[in-house]
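Student: Input start.pdb, format and content: PDB, C-alpha atoms and all ligand atoms.
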ATOM      1  CA  MET A  17      21.058  -0.555  15.077
ATOM      2  CA  THR A  18      21.451   1.481  11.878
ATOM      3  CA  GLU A  19      18.763   1.559   9.157
ATOM      4  CA  SER A  20      21.055  -0.246   6.702
ATOM      5  CA  THR A  21      21.690  -3.021   9.235
ATOM      6  CA  SER A  22      17.949  -3.577   9.690
ATOM      7  CA  ASP A  23      17.419  -3.471   5.881
ATOM      8  CA  GLN A  24      20.088  -6.138   5.582
ATOM      9  CA  GLN A  25      18.402  -8.291   8.221
ATOM     10  CA  LEU A  26      15.162  -8.222   6.168
ATOM     11  CA  LEU A  27      17.050 -10.153   3.483
ATOM     12  CA  TYR A  28      17.439 -13.137   5.845
ATOM     13  CA  VAL A  29      14.101 -14.862   5.198
ATOM     14  CA  ASN A  30      12.479 -18.121   6.231
ATOM     15  CA  ASP A  31      10.130 -18.778   3.296
ATOM     16  CA  GLN A  32       9.005 -22.238   4.484
ATOM     17  CA  LEU A  33       9.666 -23.908   1.110
ATOM     18  CA  SER A  34       9.684 -27.698   1.370
ATOM     19  CA  ASP A  35      12.831 -29.651   0.465
ATOM     20  CA  GLU A  36      11.015 -30.929  -2.649
ATOM     21  CA  GLU A  37      10.215 -27.379  -3.799
ATOM     22  CA  ILE A  38      13.784 -26.284  -3.129
ATOM     23  CA  GLN A  39      15.138 -29.219  -5.125
ATOM     24  CA  ARG A  40      12.724 -28.437  -7.976
ATOM     25  CA  GLU A  41      14.009 -24.835  -8.024
ATOM     26  CA  ALA A  42      17.633 -26.010  -7.883
ATOM     27  CA  ASP A  43      17.014 -28.388 -10.815
ATOM     28  CA  LEU A  44      15.396 -25.558 -12.803
ATOM     29  CA  TYR A  45      17.711 -22.632 -12.056
ATOM     30  CA  GLY A  46      21.069 -24.435 -11.660
ATOM     31  CA  PRO A  47      21.189 -25.364 -15.380
ATOM     32  CA  LEU A  48      20.090 -21.806 -16.299
ATOM     33  CA  THR A  49      23.050 -20.424 -14.327
ATOM     34  CA  ASP A  50      25.377 -22.906 -16.055
ATOM     35  CA  SER A  51      24.050 -21.797 -19.460
ATOM     36  CA  VAL A  52      24.820 -18.166 -18.616
ATOM     37  CA  ARG A  53      28.308 -19.148 -17.425
ATOM     38  CA  GLY A  54      28.818 -20.767 -20.830
ATOM     39  CA  LEU A  55      27.565 -17.557 -22.430
ATOM     40  CA  ILE A  56      30.062 -15.459 -20.455
ATOM     41  CA  ALA A  57      32.953 -17.651 -21.649
ATOM     42  CA  ALA A  58      31.606 -17.639 -25.231
ATOM     43  CA  THR A  59      31.323 -13.818 -25.136
ATOM     44  CA  LEU A  60      34.964 -13.628 -24.138
ATOM     45  CA  GLN A  61      36.272 -16.191 -26.597
ATOM     46  CA  THR A  62      34.141 -15.720 -29.719
ATOM     47  CA  GLU A  63      35.733 -14.753 -33.017
ATOM     48  CA  VAL A  64      32.614 -14.947 -35.193
ATOM     49  CA  GLY A  65      31.774 -12.207 -37.666
ATOM     50  CA  GLU A  66      30.112  -8.874 -36.910
ATOM     51  CA  SER A  67      26.603  -9.904 -38.012
ATOM     52  CA  ASP A  68      26.683 -12.983 -35.771
ATOM     53  CA  VAL A  69      27.797 -10.842 -32.817
ATOM     54  CA  ARG A  70      24.849  -8.490 -33.486
ATOM     55  CA  ARG A  71      22.440 -11.438 -33.785
ATOM     56  CA  ALA A  72      23.764 -12.929 -30.525
ATOM     57  CA  ARG A  73      23.164  -9.571 -28.804
ATOM     58  CA  ALA A  74      19.546  -9.542 -29.996
ATOM     59  CA  LEU A  75      18.991 -13.120 -28.802
ATOM     60  CA  ILE A  76      20.540 -12.360 -25.404
ATOM     61  CA  GLY A  77      18.336  -9.258 -25.120
ATOM     62  CA  GLU A  78      15.287 -11.396 -25.894
ATOM     63  CA  ALA A  79      16.272 -13.959 -23.248
ATOM     64  CA  ALA A  80      16.842 -11.201 -20.664
ATOM     65  CA  SER A  81      13.396  -9.664 -21.380
ATOM     66  CA  LEU A  82      11.773 -13.079 -21.043
ATOM     67  CA  LEU A  83      13.418 -13.637 -17.646
ATOM     68  CA  ARG A  84      12.741 -10.094 -16.396
ATOM     69  CA  ALA A  85       8.990 -10.353 -17.111
ATOM     70  CA  LYS A  86       8.632 -11.581 -13.524
ATOM     71  CA  ALA A  87      11.578 -11.001 -11.186
ATOM     72  CA  ILE A  88      12.483 -10.040  -7.618
ATOM     73  CA  PRO A  89      13.218  -6.293  -7.332
ATOM     74  CA  GLY A  90      16.590  -6.496  -5.553
ATOM     75  CA  PRO A  91      19.112  -8.917  -4.038
ATOM     76  CA  TYR A  92      18.178 -12.565  -3.517
ATOM     77  CA  GLY A  93      19.178 -12.472   0.160
ATOM     78  CA  VAL A  94      19.626 -15.613   2.254
ATOM     79  CA  ARG A  95      16.600 -17.887   2.572
ATOM     80  CA  TRP A  96      15.756 -20.917   4.657
ATOM     81  CA  GLY A  97      13.131 -23.546   3.884
ATOM     82  CA  ALA A  98      10.838 -25.434   6.249
ATOM     83  CA  SER A  99      13.521 -28.023   7.116
ATOM     84  CA  GLY A 100      16.196 -25.358   7.687
ATOM     85  CA  ARG A 101      17.927 -25.893   4.323
ATOM     86  CA  LYS A 102      19.752 -22.639   3.544
ATOM     87  CA  ARG A 103      19.882 -20.965   0.118
ATOM     88  CA  GLY A 104      22.415 -18.205  -0.406
ATOM     89  CA  TRP A 105      21.681 -18.506  -4.114
ATOM     90  CA  GLY A 106      22.625 -14.911  -4.933
ATOM     91  CA  ASN A 107      26.078 -15.229  -3.340
ATOM     92  CA  ALA A 108      28.801 -13.823  -5.632
ATOM     93  CA  ALA A 109      31.246 -16.593  -4.674
ATOM     94  CA  ASP A 110      29.049 -19.709  -4.831
ATOM     95  CA  GLY A 111      25.394 -18.768  -5.420
ATOM     96  CA  LEU A 112      23.468 -21.420  -7.347
ATOM     97  CA  ARG A 113      21.608 -18.697  -9.261
ATOM     98  CA  ASN A 114      24.607 -16.412  -9.755
ATOM     99  CA  ALA A 115      26.425 -16.959 -13.049
ATOM    100  CA  VAL A 116      29.225 -14.615 -11.922
ATOM    101  CA  ALA A 117      30.137 -17.187  -9.240
ATOM    102  CA  PRO A 118      32.397 -20.046 -10.271
ATOM    103  CA  PRO A 119      30.738 -23.416  -9.580
ATOM    104  CA  LEU A 120      32.422 -24.119  -6.240
ATOM    105  CA  ASN A 121      30.347 -26.902  -4.649
ATOM    106  CA  ILE A 122      31.993 -26.469  -1.234
ATOM    107  CA  ARG A 123      31.876 -29.526   1.058
ATOM    108  CA  THR A 124      32.049 -29.022   4.817
ATOM    109  CA  ASP A 125      32.626 -31.071   7.973
ATOM    110  CA  PRO A 126      31.128 -30.222  11.360
ATOM    111  CA  ASP A 127      34.606 -29.971  12.889
ATOM    112  CA  GLY A 128      35.043 -26.648  11.037
ATOM    113  CA  ARG A 129      36.551 -27.706   7.725
ATOM    114  CA  ALA A 130      35.635 -26.827   4.151
ATOM    115  CA  ARG A 131      37.091 -27.862   0.819
ATOM    116  CA  THR A 132      36.354 -27.671  -2.878
ATOM    117  CA  ASP A 133      37.727 -28.918  -6.178
ATOM    118  CA  PHE A 134      36.883 -26.286  -8.749
ATOM    119  CA  HIS A 135      37.687 -25.044 -12.224
ATOM    120  CA  LEU A 136      38.379 -21.452 -13.232
ATOM    121  CA  GLY A 137      37.924 -20.669 -16.921
ATOM    122  CA  PRO A 138      39.199 -17.699 -18.942
ATOM    123  CA  GLN A 139      36.609 -15.300 -17.461
ATOM    124  CA  TYR A 140      38.592 -15.300 -14.187
ATOM    125  CA  GLU A 141      41.878 -14.153 -15.747
ATOM    126  CA  GLY A 142      44.067 -11.437 -14.243
ATOM    127  CA  PRO A 143      47.674 -11.645 -15.453
ATOM    128  CA  ALA A 144      47.842 -13.543 -18.779
ATOM    129  CA  GLY A 145      46.775 -17.154 -18.247
ATOM    130  CA  LEU A 146      46.575 -16.698 -14.482
ATOM    131  CA  VAL A 147      43.805 -16.252 -11.942
ATOM    132  CA  HIS A 148      42.992 -12.666 -10.919
ATOM    133  CA  GLY A 149      44.139 -12.097  -7.320
ATOM    134  CA  GLY A 150      40.756 -10.658  -6.377
ATOM    135  CA  VAL A 151      39.051 -13.834  -7.571
ATOM    136  CA  SER A 152      41.351 -15.915  -5.339
ATOM    137  CA  ALA A 153      40.395 -13.621  -2.444
ATOM    138  CA  LEU A 154      36.692 -14.065  -3.242
ATOM    139  CA  ILE A 155      36.994 -17.844  -3.229
ATOM    140  CA  LEU A 156      39.088 -17.989  -0.055
ATOM    141  CA  ASP A 157      36.722 -15.599   1.744
ATOM    142  CA  GLN A 158      33.856 -17.975   0.990
ATOM    143  CA  VAL A 159      35.690 -21.239   1.751
ATOM    144  CA  LEU A 160      37.093 -19.871   5.028
ATOM    145  CA  GLY A 161      33.667 -18.404   5.917
ATOM    146  CA  ASP A 162      31.986 -21.746   5.246
ATOM    147  CA  ALA A 163      34.504 -23.491   7.534
ATOM    148  CA  ALA A 164      33.517 -21.073  10.325
ATOM    149  CA  VAL A 165      29.815 -21.793   9.670
ATOM    150  CA  ALA A 166      30.465 -25.550   9.602
ATOM    151  CA  GLY A 167      32.280 -25.337  12.935
ATOM    152  CA  GLY A 168      29.239 -23.656  14.513
ATOM    153  CA  THR A 169      30.679 -20.143  14.816
ATOM    154  CA  PRO A 170      29.489 -18.201  11.741
ATOM    155  CA  GLY A 171      30.495 -14.611  11.152
ATOM    156  CA  MET A 172      31.064 -11.738   8.777
ATOM    157  CA  THR A 173      34.596 -11.338   7.461
ATOM    158  CA  GLY A 174      36.326  -8.794   9.703
ATOM    159  CA  THR A 175      39.832  -9.223   8.315
ATOM    160  CA  LEU A 176      41.111 -11.372   5.461
ATOM    161  CA  THR A 177      44.879 -11.651   5.034
ATOM    162  CA  LEU A 178      46.317 -13.243   1.900
ATOM    163  CA  ARG A 179      49.775 -14.303   0.828
ATOM    164  CA  TYR A 180      50.157 -14.926  -2.898
ATOM    165  CA  ARG A 181      53.026 -17.422  -2.863
ATOM    166  CA  ARG A 182      53.103 -18.335  -6.535
ATOM    167  CA  PRO A 183      50.968 -17.475  -9.583
ATOM    168  CA  THR A 184      47.667 -19.362  -9.682
ATOM    169  CA  PRO A 185      47.066 -21.006 -13.075
ATOM    170  CA  LEU A 186      43.602 -20.987 -14.650
ATOM    171  CA  GLY A 187      42.099 -24.474 -14.817
ATOM    172  CA  ASP A 188      41.595 -27.145 -12.180
ATOM    173  CA  LEU A 189      42.252 -25.975  -8.610
ATOM    174  CA  TYR A 190      41.597 -26.991  -5.016
ATOM    175  CA  ALA A 191      40.855 -24.926  -1.906
ATOM    176  CA  GLU A 192      40.525 -25.916   1.720
ATOM    177  CA  ALA A 193      40.106 -24.215   5.086
ATOM    178  CA  ARG A 194      39.872 -25.080   8.770
ATOM    179  CA  VAL A 195      38.979 -23.268  11.941
ATOM    180  CA  ASP A 196      42.247 -22.557  13.743
ATOM    181  CA  ARG A 197      40.773 -21.120  16.941
ATOM    182  CA  VAL A 198      37.814 -19.290  18.434
ATOM    183  CA  GLU A 199      38.436 -16.195  20.555
ATOM    184  CA  GLY A 200      35.143 -14.919  22.004
ATOM    185  CA  VAL A 201      33.071 -13.624  19.064
ATOM    186  CA  LYS A 202      35.984 -14.033  16.645
ATOM    187  CA  THR A 203      36.699 -17.218  14.701
ATOM    188  CA  ILE A 204      40.130 -17.430  13.132
ATOM    189  CA  VAL A 205      40.230 -19.623  10.031
ATOM    190  CA  VAL A 206      43.200 -20.594   7.854
ATOM    191  CA  GLY A 207      43.249 -22.048   4.357
ATOM    192  CA  HIS A 208      44.744 -22.051   0.907
ATOM    193  CA  ILE A 209      44.249 -22.537  -2.829
ATOM    194  CA  SER A 210      46.511 -25.014  -4.569
ATOM    195  CA  GLY A 211      47.185 -25.984  -8.167
ATOM    196  CA  SER A 212      49.157 -28.870  -9.657
ATOM    197  CA  ASP A 213      52.454 -27.287  -8.502
ATOM    198  CA  GLY A 214      51.356 -26.824  -4.884
ATOM    199  CA  ILE A 215      49.998 -24.009  -2.744
ATOM    200  CA  CYS A 216      49.468 -20.733  -4.633
ATOM    201  CA  VAL A 217      47.583 -18.547  -2.129
ATOM    202  CA  GLU A 218      47.459 -18.801   1.666
ATOM    203  CA  ALA A 219      44.794 -17.052   3.729
ATOM    204  CA  GLU A 220      43.883 -16.238   7.297
ATOM    205  CA  GLY A 221      40.473 -14.787   8.108
ATOM    206  CA  VAL A 222      38.878 -13.347  11.225
ATOM    207  CA  PHE A 223      35.119 -13.997  11.143
ATOM    208  CA  ILE A 224      33.003 -12.081  13.629
ATOM    209  CA  LEU A 225      29.417 -12.664  14.683
ATOM    210  CA  PRO A 226      28.081  -9.119  14.240
ATOM    211  CA  ARG A 227      26.741  -7.165  17.170
ATOM    212  CA  TRP A 228      23.128  -7.254  15.860
ATOM    213  CA  ALA A 229      23.269 -11.074  15.650
ATOM    214  CA  ARG A 230      24.784 -11.328  19.142
ATOM    215  CA  GLU A 231      21.997  -9.103  20.482
ATOM    216  CA  ALA A 232      19.306 -11.155  18.688
ATOM    217  CA  ILE A 233      20.724 -14.400  20.122
ATOM    218  CA  ALA A 234      20.935 -12.890  23.640
ATOM    219  CA  GLU A 235      17.283 -11.707  23.384
ATOM    220  CA  GLN A 236      16.171 -15.141  22.182
ATOM    221  CA  ASN A 237      18.067 -16.857  25.036
ATOM    222  CA  ALA A 238      16.560 -14.455  27.575
ATOM    223  CA  SER A 239      13.007 -15.080  26.309
ATOM    224  CA  THR A 240      13.570 -18.876  26.316
ATOM    225  CA  ALA A 241      14.946 -18.721  29.881
ATOM    226  CA  GLY A 242      12.094 -16.441  31.033
TER     227      GLY A 242
HETATM  228  C1  LIG B   1      24.268 -14.390  11.113
HETATM  229  C2  LIG B   1      25.546 -13.636  11.034
HETATM  230  C3  LIG B   1      26.078 -13.589   9.593
HETATM  231  C4  LIG B   1      26.639 -14.882   9.140
HETATM  232  C5  LIG B   1      27.183 -14.812   7.747
HETATM  233  C6  LIG B   1      27.585 -16.193   7.304
HETATM  234  C7  LIG B   1      28.102 -16.096   5.908
HETATM  235  C8  LIG B   1      28.893 -17.340   5.556
HETATM  236  C9  LIG B   1      29.804 -17.142   4.412
HETATM  237  C10 LIG B   1      30.823 -16.104   4.685
HETATM  238  C11 LIG B   1      31.697 -15.821   3.546
HETATM  239  C12 LIG B   1      31.566 -14.441   3.011
HETATM  240  C13 LIG B   1      31.665 -13.437   4.072
HETATM  241  C14 LIG B   1      31.519 -12.026   3.582
HETATM  242  O1  LIG B   1      31.683 -11.695   2.457
HETATM  243  S1  LIG B   1      31.121 -10.893   4.751
HETATM  244  C15 LIG B   1      31.222  -9.327   3.886
HETATM  245  C16 LIG B   1      32.486  -8.585   4.170
HETATM  246  N1  LIG B   1      32.530  -8.173   5.527
HETATM  247  C17 LIG B   1      31.849  -7.122   5.990
HETATM  248  O2  LIG B   1      31.125  -6.463   5.255
HETATM  249  C18 LIG B   1      31.980  -6.828   7.452
HETATM  250  C19 LIG B   1      31.722  -5.366   7.757
HETATM  251  N2  LIG B   1      32.054  -5.124   9.143
HETATM  252  C20 LIG B   1      31.146  -5.384  10.111
HETATM  253  O3  LIG B   1      29.994  -5.755   9.874
HETATM  254  C21 LIG B   1      31.628  -5.218  11.533
HETATM  255  O4  LIG B   1      32.719  -4.332  11.571
HETATM  256  C22 LIG B   1      32.067  -6.580  12.156
HETATM  257  C23 LIG B   1      30.862  -7.547  12.184
HETATM  258  C24 LIG B   1      33.227  -7.219  11.406
HETATM  259  C25 LIG B   1      32.509  -6.317  13.605
HETATM  260  O5  LIG B   1      31.568  -5.504  14.193
HETATM  261  P1  LIG B   1      31.107  -5.675  15.702
HETATM  262  O6  LIG B   1      30.266  -4.508  16.019
HETATM  263  O7  LIG B   1      30.481  -7.004  15.906
HETATM  264  O8  LIG B   1      32.500  -5.609  16.420
HETATM  265  P2  LIG B   1      32.857  -5.149  17.882
HETATM  266  O9  LIG B   1      33.328  -3.739  17.846
HETATM  267  O10 LIG B   1      31.729  -5.487  18.828
HETATM  268  O11 LIG B   1      34.121  -6.068  18.192
HETATM  269  C26 LIG B   1      33.984  -7.446  18.483
HETATM  270  C27 LIG B   1      35.373  -8.056  18.447
HETATM  271  O12 LIG B   1      35.826  -8.125  17.069
HETATM  272  C28 LIG B   1      37.048  -7.367  16.920
HETATM  273  N3  LIG B   1      36.974  -6.734  15.599
HETATM  274  C29 LIG B   1      36.079  -5.824  15.196
HETATM  275  N4  LIG B   1      36.249  -5.551  13.905
HETATM  276  C30 LIG B   1      37.270  -6.329  13.477
HETATM  277  C31 LIG B   1      37.899  -6.511  12.225
HETATM  278  N5  LIG B   1      37.485  -5.860  11.123
HETATM  279  N6  LIG B   1      38.906  -7.394  12.146
HETATM  280  C32 LIG B   1      39.319  -8.087  13.231
HETATM  281  N7  LIG B   1      38.761  -7.951  14.447
HETATM  282  C33 LIG B   1      37.750  -7.073  14.563
HETATM  283  C34 LIG B   1      37.061  -6.366  18.052
HETATM  284  O13 LIG B   1      38.384  -5.953  18.367
HETATM  285  C35 LIG B   1      36.446  -7.218  19.155
HETATM  286  O14 LIG B   1      37.427  -8.137  19.605
HETATM  287  P3  LIG B   1      37.582  -8.449  21.157
HETATM  288  O15 LIG B   1      37.794  -7.125  21.812
HETATM  289  O16 LIG B   1      36.264  -9.072  21.570
HETATM  290  O17 LIG B   1      38.738  -9.390  21.246
END
The structure in this file should be written as structure tokens.

Tutor:
Amino acid sequence: MTESTSDQQLLYVNDQLSDEEIQREADLYGPLTDSVRGLIAATLQTEVGESDVRRARALIGEAASLLRAKAIPGPYGVRWGASGRKRGWGNAADGLRNAVAPPLNIRTDPDGRARTDFHLGPQYEGPAGLVHGGVSALILDQVLGDAAVAGGTPGMTGTLTLRYRRPTPLGDLYAEARVDRVEGVKTIVVGHISGSDGICVEAEGVFILPRWAREAIAEQNASTAG
């Protein structure tokens, strides 16, 4: 195992928070994230005068100092509470505390399906009025990955193949994914993003349970059996 792999594993933490504490945190930080999302869109769209822009900068600086007065030193990681409820709240695609992430609210089924109705505002623009292709890839990576998790075969993205069939308009969109097949440690998932005119982007992903996770599971199984 490399040093960076073991560093990464340290960011998977069971912090034993109760469901009530987790909900309290979600109720506190979710609206904060939404406020910052609003700020990102306002920053992009504002046409106020120079002095108001300067004043806004000062206010944002003040808010950032207030929040940084007590903060974790690095990434949020992935955390589990006492009941097993998972929080990937730093996730760039759907983290509850990450204002860069569009609010995806992905729903899953245990048969390996995931879907989400979502809205992409002007901050996700690539070509004029259209969704940036990298943003579509980000969302499909997450939705396909969540389908693999839901089906009981989680993994890191090994390969993600996309076909951009038609331009994806900003605004209200839908994405879905399903596990197509499992081949040993590889889970092959297919999915798409669609807009009001139909499917815009199709995706196929190969999700692989990494070697370190396979070894950890094998060790755990051996110690349970012994
Ligand atoms: C707990 C685990 C994490 C769970 C995360 C849940 C997140 C949920 C949300 C997720 C959404 C967000 C998700 C993200 O953003 S994940 C972030 C983006 N992805 C990465 O950073 C992955 C980086 N790569 C790796 O970590 C390793 O290379 C992986 C883990 C992919 C394989 O390294 P490993 O050492 O394990 O591989 P192996 O040599 O034993 O080979 C095993 C098998 O795999 C086949 N193969 C190998 N590489 C590839 C490839 N690139 N495409 C297709 N196939 C590949 C290989 O031929 C063999 O097949 P077979 O011979 O058996 O047929």

Student: Translate the PyMOL selection byres (((chain A and resi 91) around 12) and not hetatm), as applied to the file shown, into an explicit residue set as number ranges by chain.

Tutor: A: 23-24, 26-28, 87-90, 92-95, 104-108, 111, 113-114

Student: Find, counting all atoms listed in the file, the residue in A:Ser99, A:Thr203, A:Asn121, A:Ser81 that gets nearest to ligand LIG 1 (chain B).

Tutor: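 Looking only at the distances to ligand LIG 1 (chain B), the closest residue turns out to be A:Thr203.
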
Student: Give me, as a Markdown table, each residue of chain A that comes within 9 Å of ligand LIG 1 (chain B), together with its shortest interatomic pair and the distance in Å at one decimal, counting only C-alpha atoms and all ligand atoms, with rows ordered by chain and rising residue number.

Tutor:
| residue | atom | partner | partner_atom | distance |
| --- | --- | --- | --- | --- |
| A:Thr21 | CA | B:LIG1 | O3 | 8.8 |
| A:Gln25 | CA | B:LIG1 | C1 | 8.9 |
| A:Tyr28 | CA | B:LIG1 | C1 | 8.7 |
| A:Gly104 | CA | B:LIG1 | C7 | 8.8 |
| A:Asn107 | CA | B:LIG1 | C12 | 8.4 |
| A:Ala108 | CA | B:LIG1 | O1 | 8.8 |
| A:Ala109 | CA | B:LIG1 | C12 | 8.0 |
| A:Leu154 | CA | B:LIG1 | O1 | 7.9 |
| A:Ile155 | CA | B:LIG1 | C11 | 8.8 |
| A:Leu156 | CA | B:LIG1 | C11 | 8.5 |
| A:Asp157 | CA | B:LIG1 | C11 | 5.3 |
| A:Gln158 | CA | B:LIG1 | C11 | 4.0 |
| A:Val159 | CA | B:LIG1 | C11 | 7.0 |
| A:Leu160 | CA | B:LIG1 | C11 | 6.9 |
| A:Gly161 | CA | B:LIG1 | C10 | 3.9 |
| A:Asp162 | CA | B:LIG1 | C9 | 5.2 |
| A:Ala163 | CA | B:LIG1 | C9 | 8.5 |
| A:Ala164 | CA | B:LIG1 | C8 | 7.6 |
| A:Val165 | CA | B:LIG1 | C8 | 6.1 |
| A:Thr169 | CA | B:LIG1 | C4 | 8.7 |
| A:Pro170 | CA | B:LIG1 | C4 | 5.1 |
| A:Gly171 | CA | B:LIG1 | C4 | 4.4 |
| A:Met172 | CA | B:LIG1 | S1 | 4.1 |
| A:Thr173 | CA | B:LIG1 | N1 | 4.2 |
| A:Gly174 | CA | B:LIG1 | N5 | 3.5 |
| A:Thr175 | CA | B:LIG1 | N6 | 4.3 |
| A:Leu176 | CA | B:LIG1 | N6 | 8.1 |
| A:Glu199 | CA | B:LIG1 | O17 | 6.8 |
| A:Gly200 | CA | B:LIG1 | O16 | 6.0 |
| A:Val201 | CA | B:LIG1 | C27 | 6.1 |
| A:Lys202 | CA | B:LIG1 | O12 | 5.9 |
| A:Gly221 | CA | B:LIG1 | C32 | 8.5 |
| A:Val222 | CA | B:LIG1 | C32 | 5.6 |
| A:Phe223 | CA | B:LIG1 | C24 | 7.0 |
| A:Ile224 | CA | B:LIG1 | C23 | 5.2 |
| A:Leu225 | CA | B:LIG1 | C2 | 5.4 |
| A:Pro226 | CA | B:LIG1 | O7 | 3.6 |
| A:Arg227 | CA | B:LIG1 | O7 | 4.0 |
| A:Trp228 | CA | B:LIG1 | O7 | 7.4 |
| A:Ala229 | CA | B:LIG1 | C1 | 5.7 |
| A:Arg230 | CA | B:LIG1 | O7 | 7.9 |

Student: Tell me which protein, DNA and RNA residues are within 12 Å of Asp50 in chain A, counting only C-alpha atoms, leaving out same-chain ones fewer than 5 positions away, and put them as JSON, numbers by chain.

Tutor: {"A": [42, 43, 44, 45, 55, 56, 57, 111, 112, 113, 114, 115, 116, 117, 118, 119]}

Student: Please evaluate the PyMOL selection byres (((chain A and resi 137-142) around 10) and not hetatm) against the displayed coordinates and give the resulting residues as a ChimeraX atom specification.

Tutor: /A:53-54,56-61,116-118,134-136,143-152,184-188

Student: What separation in Å, quoted to one decimal, exists between CA of Gln32 in chain A and CA of Arg84 in chain A?

Tutor: 24.4 Å

Student: Set the distance at 9 Å and use all atoms listed in the file: which residues neighbour Gly214 in chain A once local chain neighbours fewer than 4 positions away are removed? I'd like the list as a ChimeraX atom specification.

Tutor: /A:182,209-210

Student: At a cut-off of 8 Å from (31.0, -26.9, 5.7) in the coordinates of the file, what residues are picked up using all atoms listed in the file, written as a list in words?

Tutor: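 Checking each residue against the 8 Å limit leaves Ile122, Arg123, Thr124, Asp125, Pro126, Gly128, Arg129, Ala130, Arg131, Asp162, Ala163, Ala164, Val165, Ala166 and Gly167 of chain A.
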
Student: Calculate how many Å separate CA of Leu178 in chain A from CA of Thr49 in chain A, rounding to one decimal.

Tutor: 29.3 Å

Student: Just the number, please: distance in Å from CA of Gly168 in chain A to CA of Val195 in chain A, one decimal.

Tutor: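 Interatomic distance, CA of Gly168 in chain A to CA of Val195 in chain A: 10.1 Å.
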
Student: With 6 Å of padding per side, what axis-aligned box (centre and edge lengths, Å, one decimal) covers all the listed atoms of range 73-85 of chain A? Give it as lines of an AutoDock Vina configuration file.

Tutor:
center_x = 16.1
center_y = -11.6
center_z = -23.2
size_x = 26.2
size_y = 16.7
size_z = 25.6

Student: Identify, on the basis of only C-alpha atoms, every residue whose closest approach to Glu218 in chain A does not exceed 6 Å; exclude the query and any residue fewer than 4 positions from it along the same chain; express the result as a list in words.

Tutor: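 Surrounding residues, per the criterion: Leu178, Arg179, Gly207 and His208 of chain A.
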
Student: Those selected residues, please, written with C-alpha atoms and delivered as a PDB file, keeping the file's coordinate frame.

Tutor:
ATOM      1  CA  LEU A 178      46.317 -13.243   1.900  1.00  0.00           C
ATOM      2  CA  ARG A 179      49.775 -14.303   0.828  1.00  0.00           C
ATOM      3  CA  GLY A 207      43.249 -22.048   4.357  1.00  0.00           C
ATOM      4  CA  HIS A 208      44.744 -22.051   0.907  1.00  0.00           C
TER       5      HIS A 208
END

Student: Compare A:Ser212, A:Thr240, A:Thr132, A:Ser67 by their minimum atom-to-atom distance to Pro183 in chain A, counting only C-alpha atoms, and give me the closest one.

Tutor: A:Ser212

Student: Using all atoms listed in the file for the distances, tell me which of A:Leu48, A:Val217, A:Ile204, A:Ala98 is nearest to Leu83 in chain A.

Tutor: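 When distances to Leu83 in chain A are compared using all atoms listed in the file, the smallest one comes from A:Leu48.
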
Student: Have range 211-222 of chain A completed to N, CA and C atoms, please, and pass it along as a tab-separated table (two decimals), keeping the file's coordinate frame.

Tutor:
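Contents of the output file selection-v4.tsv:
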chain	number	residue	atom	x	y	z
A	211	GLY	N	47.26	-25.48	-6.80
A	211	GLY	CA	47.18	-25.98	-8.17
A	211	GLY	C	48.09	-27.21	-8.27
A	212	SER	N	48.38	-27.63	-9.49
A	212	SER	CA	49.16	-28.87	-9.66
A	212	SER	C	50.59	-28.72	-9.12
A	213	ASP	N	51.09	-27.48	-9.01
A	213	ASP	CA	52.45	-27.29	-8.50
A	213	ASP	C	52.51	-27.00	-7.01
A	214	GLY	N	51.36	-27.06	-6.33
A	214	GLY	CA	51.36	-26.82	-4.88
A	214	GLY	C	50.56	-25.59	-4.51
A	215	ILE	N	50.80	-25.12	-3.27
A	215	ILE	CA	50.00	-24.01	-2.74
A	215	ILE	C	50.33	-22.70	-3.46
A	216	CYS	N	49.29	-22.01	-3.93
A	216	CYS	CA	49.47	-20.73	-4.63
A	216	CYS	C	49.14	-19.55	-3.72
A	217	VAL	N	48.03	-19.66	-2.98
A	217	VAL	CA	47.58	-18.55	-2.13
A	217	VAL	C	47.24	-19.09	-0.74
A	218	GLU	N	47.80	-18.45	0.28
A	218	GLU	CA	47.46	-18.80	1.67
A	218	GLU	C	46.59	-17.69	2.25
A	219	ALA	N	45.69	-18.07	3.16
A	219	ALA	CA	44.79	-17.05	3.73
A	219	ALA	C	44.57	-17.29	5.21
A	220	GLU	N	44.38	-16.17	5.93
A	220	GLU	CA	43.88	-16.24	7.30
A	220	GLU	C	42.74	-15.24	7.40
A	221	GLY	N	41.63	-15.68	7.98
A	221	GLY	CA	40.47	-14.79	8.11
A	221	GLY	C	39.98	-14.73	9.54
A	222	VAL	N	39.52	-13.53	9.92
A	222	VAL	CA	38.88	-13.35	11.22
A	222	VAL	C	37.39	-13.13	10.95
